[in-house]
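Below is entry32.txt, which holds compact mmCIF, C-alpha atoms.
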```
# COMPACT_ATOMS: atom_id res chain seq x y z
CA MET L 14 158.42 147.73 162.52
CA GLU L 15 159.60 144.45 163.96
CA GLU L 16 156.09 143.15 164.50
CA LEU L 17 155.32 143.43 160.82
CA ASN L 18 157.94 140.95 159.81
CA CYS L 19 157.36 137.25 160.00
CA THR L 20 160.46 136.06 161.71
CA PRO L 21 161.77 132.56 161.14
CA VAL L 22 161.40 130.50 164.30
CA PHE L 23 163.75 127.66 163.44
CA GLU L 24 165.42 126.02 160.55
CA ILE L 25 164.87 122.55 159.19
CA PRO L 26 168.37 121.30 158.45
CA VAL L 27 167.68 119.95 154.98
CA PHE L 28 168.35 121.44 151.57
CA GLY L 29 170.75 123.87 153.14
CA GLY L 30 168.36 124.92 155.88
CA ILE L 31 164.67 125.86 155.50
CA ALA L 32 163.63 128.73 157.68
CA VAL L 33 160.23 127.96 159.16
CA ASN L 34 158.23 131.09 159.77
CA GLU L 35 156.26 131.90 162.86
CA SER L 36 153.09 131.78 160.83
CA ILE L 37 153.70 128.13 159.98
CA VAL L 38 154.24 127.28 163.61
CA VAL L 39 151.06 129.10 164.59
CA THR L 40 149.26 127.20 161.86
CA TRP L 41 150.50 123.97 163.37
CA ILE L 42 149.16 125.06 166.72
CA ILE L 43 145.81 125.94 165.17
CA MET L 44 145.72 122.59 163.39
CA ALA L 45 146.47 120.74 166.59
CA VAL L 46 143.87 122.67 168.57
CA LEU L 47 141.19 122.24 165.92
CA THR L 48 141.88 118.53 165.60
CA VAL L 49 141.90 117.94 169.33
CA LEU L 50 138.70 119.95 169.81
CA SER L 51 137.09 118.02 166.97
CA VAL L 52 138.02 114.72 168.51
CA ILE L 53 136.71 115.84 171.88
CA PHE L 54 133.43 117.32 170.67
CA VAL L 55 132.62 114.81 167.99
CA ARG L 56 132.69 111.87 170.38
CA ASN L 57 129.40 110.20 171.20
CA LEU L 58 127.44 111.49 168.26
CA ARG L 59 123.93 110.15 168.38
CA VAL L 60 121.23 110.02 165.77
CA GLU L 61 118.56 110.32 168.43
CA ASN L 62 118.59 112.64 171.43
CA PRO L 63 121.67 114.66 170.47
CA GLY L 64 123.44 116.51 173.27
CA LYS L 65 123.86 120.28 173.41
CA VAL L 66 127.38 120.15 171.98
CA GLN L 67 126.25 117.99 169.13
CA LEU L 68 123.35 120.33 168.40
CA VAL L 69 125.69 123.31 168.22
CA LEU L 70 128.09 121.40 165.98
CA GLU L 71 125.32 120.19 163.74
CA SER L 72 123.69 123.56 163.36
CA ALA L 73 127.07 125.19 162.59
CA ILE L 74 128.12 122.57 160.06
CA GLY L 75 124.61 122.39 158.66
CA TRP L 76 124.55 126.15 158.21
CA ALA L 77 127.92 126.10 156.44
CA GLN L 78 126.83 123.18 154.30
CA ASP L 79 123.64 124.94 153.25
CA PHE L 80 125.55 128.12 152.58
CA PHE L 81 128.08 126.48 150.26
CA GLU L 82 125.56 124.20 148.61
CA GLY L 83 123.50 127.29 147.93
CA ILE L 84 126.39 128.73 145.95
CA ILE L 85 127.96 125.76 144.17
CA GLY L 86 124.87 123.57 144.03
CA LYS L 87 123.92 120.32 145.70
CA GLU L 88 125.57 118.20 143.00
CA ASN L 89 129.00 119.63 143.91
CA ARG L 90 128.77 118.98 147.60
CA ARG L 91 132.06 117.10 147.52
CA TYR L 92 133.89 120.44 147.65
CA VAL L 93 131.99 121.58 150.73
CA PRO L 94 134.28 119.99 153.35
CA TYR L 95 137.33 121.80 151.96
CA LEU L 96 135.51 125.12 151.93
CA ILE L 97 134.36 124.56 155.51
CA THR L 98 137.93 123.70 156.50
CA VAL L 99 139.28 126.90 154.96
CA ALA L 100 136.53 128.98 156.53
CA LEU L 101 137.25 127.50 159.94
CA TYR L 102 141.00 127.89 159.57
CA LEU L 103 140.71 131.51 158.42
CA ALA L 104 138.26 132.40 161.17
CA VAL L 105 140.55 130.94 163.81
CA SER L 106 143.75 132.43 162.36
CA ASN L 107 142.21 135.86 162.00
CA LEU L 108 140.97 135.78 165.57
CA ILE L 109 144.07 134.25 167.08
CA GLY L 110 145.63 137.70 167.37
CA LEU L 111 143.41 138.16 170.41
CA THR L 112 145.30 135.45 172.27
CA GLY L 113 148.69 137.05 171.64
CA PHE L 114 149.81 134.95 168.68
CA LYS L 115 150.59 136.64 165.42
CA PRO L 116 147.81 135.86 162.95
CA PRO L 117 149.21 133.54 160.25
CA THR L 118 147.18 135.39 157.65
CA LYS L 119 149.47 138.33 158.21
CA ASP L 120 152.15 136.36 156.37
CA LEU L 121 152.01 136.62 152.59
CA ASN L 122 153.15 132.99 152.30
CA VAL L 123 150.02 131.80 154.06
CA THR L 124 147.54 133.84 152.06
CA ALA L 125 149.36 132.96 148.86
CA ALA L 126 149.21 129.28 149.71
CA LEU L 127 145.48 129.60 150.44
CA ALA L 128 144.91 131.45 147.19
CA ILE L 129 146.88 128.94 145.13
CA MET L 130 144.91 126.11 146.71
CA SER L 131 141.72 127.96 145.82
CA MET L 132 142.96 128.46 142.28
CA LEU L 133 143.75 124.78 141.89
CA LEU L 134 140.36 123.88 143.29
CA ILE L 135 138.54 126.35 141.04
CA GLU L 136 140.21 125.09 137.89
CA TYR L 137 139.97 121.46 138.98
CA SER L 138 136.26 121.75 139.65
CA GLY L 139 135.75 123.22 136.19
CA ILE L 140 137.75 120.46 134.50
CA HIS L 141 136.13 117.74 136.57
CA ARG L 142 132.69 119.00 135.78
CA ASN L 143 132.88 119.86 132.10
CA GLY L 144 135.94 117.99 130.87
CA LEU L 145 139.34 119.24 129.80
CA LYS L 146 138.20 120.16 126.32
CA HIS L 147 135.41 122.38 127.49
CA TRP L 148 137.69 123.91 130.07
CA ALA L 149 140.31 124.73 127.43
CA GLY L 150 137.66 126.00 125.08
CA HIS L 151 135.91 128.30 127.51
CA PHE L 152 138.79 130.80 127.35
CA ALA L 153 137.78 131.72 123.82
CA LYS L 154 134.23 132.58 124.79
CA PRO L 155 132.31 134.64 123.97
CA VAL L 156 134.90 135.73 121.35
CA PRO L 157 138.47 134.49 120.92
CA PHE L 158 139.66 138.06 121.28
CA VAL L 159 139.14 137.94 125.04
CA ALA L 160 141.23 134.79 125.45
CA PRO L 161 144.30 136.57 126.96
CA ILE L 162 142.12 138.25 129.55
CA MET L 163 140.41 134.98 130.36
CA VAL L 164 143.73 133.25 130.81
CA MET L 165 144.94 136.09 133.01
CA GLU L 166 141.83 135.63 135.09
CA ILE L 167 143.16 132.28 136.25
CA PHE L 168 145.94 134.12 138.07
CA ILE L 169 144.11 137.31 138.83
CA ARG L 170 141.49 135.54 140.90
CA PRO L 171 143.90 133.97 143.39
CA LEU L 172 146.04 137.09 143.41
CA SER L 173 143.07 139.22 144.40
CA LEU L 174 142.03 136.64 147.02
CA CYS L 175 145.55 136.51 148.41
CA MET L 176 146.17 140.23 148.45
CA ARG L 177 142.75 141.13 149.84
CA LEU L 178 143.19 138.82 152.79
CA PHE L 179 146.79 139.73 153.37
CA GLY L 180 146.19 143.46 153.05
CA ASN L 181 143.22 143.46 155.36
CA MET L 182 144.92 141.46 158.05
CA LEU L 183 148.18 143.37 157.84
CA GLY L 184 146.37 146.68 157.71
CA GLY L 185 144.23 145.81 160.72
CA PHE L 186 147.28 144.62 162.59
CA VAL L 187 149.25 147.79 161.80
CA VAL L 188 146.39 150.05 162.78
CA MET L 189 145.92 148.20 166.05
CA GLU L 190 149.61 148.34 166.85
CA LEU L 191 149.70 152.08 166.17
CA VAL L 192 146.61 152.71 168.30
CA LYS L 193 148.07 150.65 171.10
CA ALA L 194 151.32 152.60 170.87
CA VAL L 195 149.55 155.96 171.02
CA VAL L 196 146.72 155.26 173.51
CA PRO L 197 147.34 152.04 175.36
CA LEU L 198 144.24 152.40 177.57
CA LEU L 199 140.55 151.66 176.76
CA VAL L 200 140.55 153.15 173.27
CA PRO L 201 141.93 149.99 171.60
CA ILE L 202 139.01 147.91 172.92
CA PRO L 203 136.26 149.03 170.48
CA LEU L 204 138.79 149.26 167.68
CA SER L 205 139.96 145.75 168.46
CA PHE L 206 136.36 144.56 168.14
CA TYR L 207 136.29 145.97 164.66
CA PHE L 208 139.77 145.15 163.35
CA ASP L 209 140.41 141.88 165.08
CA ILE L 210 136.99 140.27 165.31
CA PHE L 211 134.66 141.79 162.75
CA ASP L 212 137.22 142.30 160.01
CA GLY L 213 138.78 138.90 160.62
CA LEU L 214 135.48 137.04 160.35
CA LEU L 215 134.43 139.17 157.41
CA GLN L 216 137.62 138.38 155.51
CA ALA L 217 137.28 134.66 156.25
CA TYR L 218 133.70 134.82 154.96
CA VAL L 219 134.70 136.79 151.86
CA PHE L 220 137.55 134.43 151.01
CA VAL L 221 135.49 131.24 151.03
CA PHE L 222 132.49 132.98 149.54
CA LEU L 223 134.51 134.20 146.57
CA THR L 224 136.21 130.84 146.16
CA ALA L 225 132.84 129.11 146.01
CA LEU L 226 131.52 131.75 143.65
CA PHE L 227 134.48 131.35 141.28
CA MET L 228 134.05 127.58 141.40
CA ASN L 229 130.41 127.92 140.49
CA GLU L 230 131.34 130.25 137.65
CA GLU L 231 133.90 127.78 136.39
CA MET L 232 131.52 124.84 136.58
CA GLU L 233 128.82 126.46 134.49
CA MET R 9 157.39 141.72 154.85
CA LEU R 10 156.42 140.84 151.31
CA SER R 11 158.60 137.79 151.02
CA LEU R 12 157.56 134.60 149.33
CA ASP R 13 159.71 131.63 150.20
CA PHE R 14 159.48 127.96 150.97
CA ASN R 15 157.01 128.61 153.78
CA PHE R 16 154.48 128.96 151.03
CA VAL R 17 154.86 125.26 150.24
CA LEU R 18 154.76 124.33 153.92
CA GLU R 19 151.53 126.22 154.33
CA MET R 20 149.97 124.38 151.41
CA ILE R 21 150.97 121.09 152.96
CA ASN R 22 149.51 122.30 156.24
CA LEU R 23 146.25 123.14 154.57
CA VAL R 24 145.95 119.75 152.92
CA ILE R 25 146.69 118.02 156.22
CA LEU R 26 144.24 120.22 158.08
CA TYR R 27 141.61 119.46 155.46
CA LEU R 28 142.14 115.73 155.83
CA LEU R 29 142.13 115.92 159.62
CA LEU R 30 138.98 118.00 159.85
CA ARG R 31 137.22 115.91 157.26
CA LYS R 32 138.07 112.80 159.22
CA PHE R 33 137.34 114.07 162.71
CA LEU R 34 134.81 116.87 162.39
CA ILE R 35 132.98 117.36 159.13
CA GLY R 36 132.72 113.73 158.11
CA PRO R 37 131.18 112.39 161.32
CA VAL R 38 128.84 115.34 161.78
CA MET R 39 127.61 115.24 158.20
CA ASN R 40 127.29 111.50 158.46
CA ILE R 41 125.14 111.73 161.55
CA MET R 42 122.97 114.41 159.97
CA GLU R 43 122.56 112.27 156.89
CA LYS R 44 121.64 109.30 159.05
CA ARG R 45 119.05 111.33 160.91
CA ARG R 46 117.60 112.55 157.63
CA ALA R 47 117.40 108.96 156.41
CA MET R 48 115.85 107.85 159.69
CA ILE R 49 113.16 110.53 159.53
CA ALA R 50 112.38 109.71 155.91
CA ASP R 51 112.27 106.06 156.86
CA GLY R 52 109.95 106.76 159.77
CA ILE R 53 107.55 108.74 157.60
CA GLN R 54 107.62 106.01 154.99
CA ASN R 55 106.96 103.43 157.67
CA ALA R 56 104.06 105.38 159.09
CA ASN R 57 102.50 105.72 155.64
CA ASP R 58 102.90 102.01 155.03
CA GLN R 59 101.32 101.16 158.37
CA GLN R 60 98.41 103.44 157.71
CA ALA R 61 97.80 101.91 154.29
CA LYS R 62 97.94 98.45 155.82
CA ALA R 63 95.53 99.44 158.58
CA MET R 64 93.07 100.85 156.05
CA GLU R 65 93.28 97.66 154.05
CA LEU R 66 92.63 95.53 157.14
CA LYS R 67 89.72 97.74 158.08
CA SER R 68 88.05 97.30 154.72
CA GLN R 69 88.69 93.58 154.98
CA TYR R 70 87.01 93.43 158.37
CA GLU R 71 84.09 95.44 157.12
CA ASP R 72 83.68 93.04 154.23
CA ALA R 73 83.86 90.09 156.59
CA LEU R 74 81.33 91.68 158.93
CA SER R 75 78.75 92.32 156.21
CA GLY R 76 79.37 88.78 154.92
CA ALA R 77 78.67 87.41 158.40
CA LYS R 78 75.44 89.40 158.58
CA ASP R 79 74.29 87.95 155.29
CA GLU R 80 75.32 84.50 156.38
CA SER R 81 73.38 84.70 159.63
CA ARG R 82 70.30 85.97 157.83
CA ARG R 83 70.55 83.12 155.39
CA MET R 84 70.97 80.62 158.22
CA ILE R 85 67.91 81.90 160.04
CA GLU R 86 65.92 81.68 156.81
CA GLN R 87 67.07 78.14 156.30
CA ALA R 88 66.23 77.16 159.87
CA ARG R 89 62.79 78.66 159.53
CA ALA R 90 62.16 76.73 156.32
CA ASP R 91 63.40 73.52 157.93
CA ALA R 92 61.19 74.04 160.97
CA LYS R 93 58.16 74.67 158.76
CA LYS R 94 58.78 71.50 156.81
CA GLU R 95 59.20 69.48 159.98
CA TYR R 96 56.07 70.98 161.45
CA ASP R 97 54.05 70.10 158.36
CA ARG R 98 55.43 66.60 158.34
CA ILE R 99 54.59 66.02 162.02
CA LEU R 100 51.09 67.40 161.50
CA LYS R 101 50.51 65.12 158.55
CA ASP R 102 51.82 62.12 160.44
CA ALA R 103 49.60 62.92 163.38
CA ASP R 104 46.58 63.27 161.09
CA ALA R 105 47.28 59.95 159.47
CA GLU R 106 47.82 58.31 162.81
CA ALA R 107 44.62 59.73 164.22
CA GLY R 108 42.70 58.60 161.16
CA LYS R 109 44.07 55.12 161.49
CA ILE R 110 43.21 54.96 165.19
CA MET R 111 39.71 56.17 164.48
CA GLN R 112 39.31 53.58 161.75
CA THR R 113 40.46 50.80 164.03
CA ALA R 114 38.19 51.96 166.79
CA ARG R 115 35.22 52.08 164.48
CA GLU R 116 35.92 48.59 163.22
CA THR R 117 36.26 47.29 166.74
CA ILE R 118 33.02 48.91 167.77
CA ASP R 119 31.20 47.42 164.80
CA LEU R 120 32.57 44.02 165.48
CA GLU R 121 31.59 44.16 169.11
CA ARG R 122 28.12 45.34 168.36
CA GLU R 123 27.61 42.56 165.92
CA GLN R 124 28.83 40.08 168.42
CA THR R 125 26.60 41.47 171.09
CA LEU R 126 23.63 41.39 168.81
CA ARG R 127 24.22 37.82 167.88
CA GLN R 128 24.54 36.90 171.52
CA MET R 129 21.48 38.84 172.37
CA LYS R 130 19.54 37.12 169.56
CA THR R 131 20.52 33.75 170.90
CA GLU R 132 19.56 34.70 174.40
CA VAL R 133 16.28 36.19 173.33
CA ALA R 134 15.54 33.04 171.36
CA GLY R 135 16.28 30.89 174.43
CA LEU R 136 14.17 33.20 176.53
CA ALA R 137 11.33 32.98 174.09
CA VAL R 138 11.51 29.20 174.01
CA ASP R 139 11.40 29.15 177.80
CA ALA R 140 8.48 31.49 177.87
CA ALA R 141 6.67 29.51 175.21
CA ARG R 142 7.22 26.27 177.00
CA LYS R 143 5.93 27.79 180.11
CA ILE R 144 2.80 28.97 178.35
CA VAL R 145 2.32 25.62 176.65
CA MET R 146 2.66 23.78 179.90
CA ASP R 147 0.26 26.12 181.54
CA SER R 148 -2.61 26.09 179.12
CA CYS R 149 -2.68 25.61 175.40
CA GLY R 150 -2.19 22.81 173.02
CA GLU R 151 0.58 22.09 170.63
CA LYS R 152 -0.70 24.20 167.71
CA ASP R 153 -1.25 27.30 169.77
CA SER R 154 2.12 27.17 171.18
CA GLN R 155 3.72 26.84 167.79
CA ALA R 156 1.80 29.84 166.48
CA VAL R 157 2.67 31.98 169.44
CA TYR R 158 6.25 31.07 169.11
CA ASP R 159 6.42 32.00 165.48
CA GLN R 160 4.66 35.27 166.11
CA PHE R 161 6.96 36.14 168.90
CA LEU R 162 9.95 35.34 166.82
CA ARG R 163 8.76 37.47 163.94
CA GLU R 164 8.14 40.38 166.16
CA ALA R 165 11.42 40.07 167.86
CA GLY R 166 13.14 39.71 164.52
CA ASP R 167 11.38 42.73 163.08
CA SER R 168 12.34 44.89 165.96
CA HIS R 169 15.84 43.61 165.58
CA GLU R 170 15.81 44.43 161.88
CA ASP R 171 14.41 47.88 162.63
CA SER R 172 17.05 48.71 165.20
CA LYS R 173 19.79 47.57 162.84
CA GLY R 174 18.33 49.63 160.04
CA LYS R 175 18.27 52.80 162.11
```
As structure tokens:
Amino acid sequence: MEELNCTPVFEIPVFGGIAVNESIVVTWIIMAVLTVLSVIFVRNLRVENPGKVQLVLESAIGWAQDFFEGIIGKENRRYVPYLITVALYLAVSNLIGLTGFKPPTKDLNVTAALAIMSMLLIEYSGIHRNGLKHWAGHFAKPVPFVAPIMVMEIFIRPLSLCMRLFGNMLGGFVVMELVKAVVPLLVPIPLSFYFDIFDGLLQAYVFVFLTALFMNEEME
Amino acid sequence: MLSLDFNFVLEMINLVILYLLLRKFLIGPVMNIMEKRRAMIADGIQNANDQQAKAMELKSQYEDALSGAKDESRRMIEQARADAKKEYDRILKDADAEAGKIMQTARETIDLEREQTLRQMKTEVAGLAVDAARKIVMDSCGEKDSQAVYDQFLREAGDSHEDSKGK
């Protein structure tokens, strides 16, 4: 059961000691790697005669851009970079279990933080688009009777995002650990493809997809 | 396992930082370059259209100029032909006039000469006649005869002279 817990790695000696979890440290590593890779690959971008690396980067980013613009609309493209960032971060964190690190998304703090950020973004996009008045008024539509449910939705959306991601990652991790404990040879390989790679990418996709969808809903 | 603590805040900070970093180093530049390329392609197409329009305009201009030149050359040839005709007529007329004048002069000269010759001839014939008469008189006849012969001779000679002039 030890693997399930997110153990504190070290303490920051302020405010009576803040225990920094492993997931946060792994996130730092992911951030560093992503940033360094970005700096390396994004050098020497050219408008004409792009290199192979640039073509791959452009097609990937272009695909993501088209995907998100298809959901939230071209006029809201300012939110696309954040969504791409989250998608990239989730994809890497969900796959990082393959390298021996514990996936950060297995920590409830991480998924909760992601979900809260999504919630803030969803509500902010709605307010930014339609104004505070409209945003406050839309809870009472179509009838004021549903207002409590609509208000609850603000918190239900991120909760479902958070718990779906957390549950999937934890569940996949637990299943993999059990399989490895029972049959350590060969059998975990196909299962690892499913639980570590497919499920990880699927959950990353679902998370950003739903966030974009909720934003679009809120901006209508 | 299901613990929410301060790490939650740290993770949010991490996310914001990661967002800023990736936007600065990855998404921003790549999107920027794609946007630039899009602009460049649009620009190129626009440019090509402009060039084509300009070329068409020039072409029509040249065609206009060419047909204008054709007309001009035709007009010039026409003009030259008219000029040449006028000059030709003028030269012909001049030549006619000149020839007429020359003929006139020649005729006058001929007349004058003939008259002169005639007068000379008359004088000579008269002299000749006198000589002949004297000879006759000395040879044979008297004074009266000789006078009569002389007159007759003169009349005859004069008549023939008158006749030849009248012809």
Coordinates-based distance that separates CA of Ala100 in chain L from CA of Met189 in chain L (Å, one decimal):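 It comes out at 23.4 Å.
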Residues of chain R within 7 Å of chain L, all atoms listed in the file counted, as number ranges by chain: R: 9-12, 15-17, 19-20, 26-27, 29-31, 33-35, 38, 41, 44-45
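The gap separating CA of Ala63 in chain R from CA of Glu80 in chain R is 25.2 Å, in Å to one decimal.
Here CA of His141 in chain L is placed at a distance of 25.9 Å from CA of Trp76 in chain L.
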Among the residues L:Ser131, L:Asn143, L:Gln216, L:Asn57, the one that comes closest to Val24 in chain R [using only C-alpha atoms]: L:Ser131
For Phe222 in chain L, the nearest of the candidates L:Met165, L:Ala153, L:Ile85, L:Val188, counting only C-alpha atoms: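 Comparing L:Met165, L:Ala153, L:Ile85, L:Val188 against Phe222 in chain L, the winner is L:Ile85.
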Contacts of Ile202 in chain L within 12 Å, all atoms listed in the file, excl. fewer than 6 positions in-chain, as a VMD selection string: chain L and resid 111 189 192 to 193 196 208 to 210
Please write the residues from the selection above to a file, keeping C-alpha atoms, as a PDB file, in the coordinates of the input.
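Saved as out31.pdb:
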```
ATOM      1  CA  LEU L 111     143.410 138.160 170.410  1.00  0.00           C
ATOM      2  CA  MET L 189     145.920 148.200 166.050  1.00  0.00           C
ATOM      3  CA  VAL L 192     146.610 152.710 168.300  1.00  0.00           C
ATOM      4  CA  LYS L 193     148.070 150.650 171.100  1.00  0.00           C
ATOM      5  CA  VAL L 196     146.720 155.260 173.510  1.00  0.00           C
ATOM      6  CA  PHE L 208     139.770 145.150 163.350  1.00  0.00           C
ATOM      7  CA  ASP L 209     140.410 141.880 165.080  1.00  0.00           C
ATOM      8  CA  ILE L 210     136.990 140.270 165.310  1.00  0.00           C
TER       9      ILE L 210
END
```
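Comparing L:Ile42, L:Met232, L:Ile169, L:Cys175 by their smallest distance to Trp148 in chain L, the closest is L:Met232 (using only C-alpha atoms).
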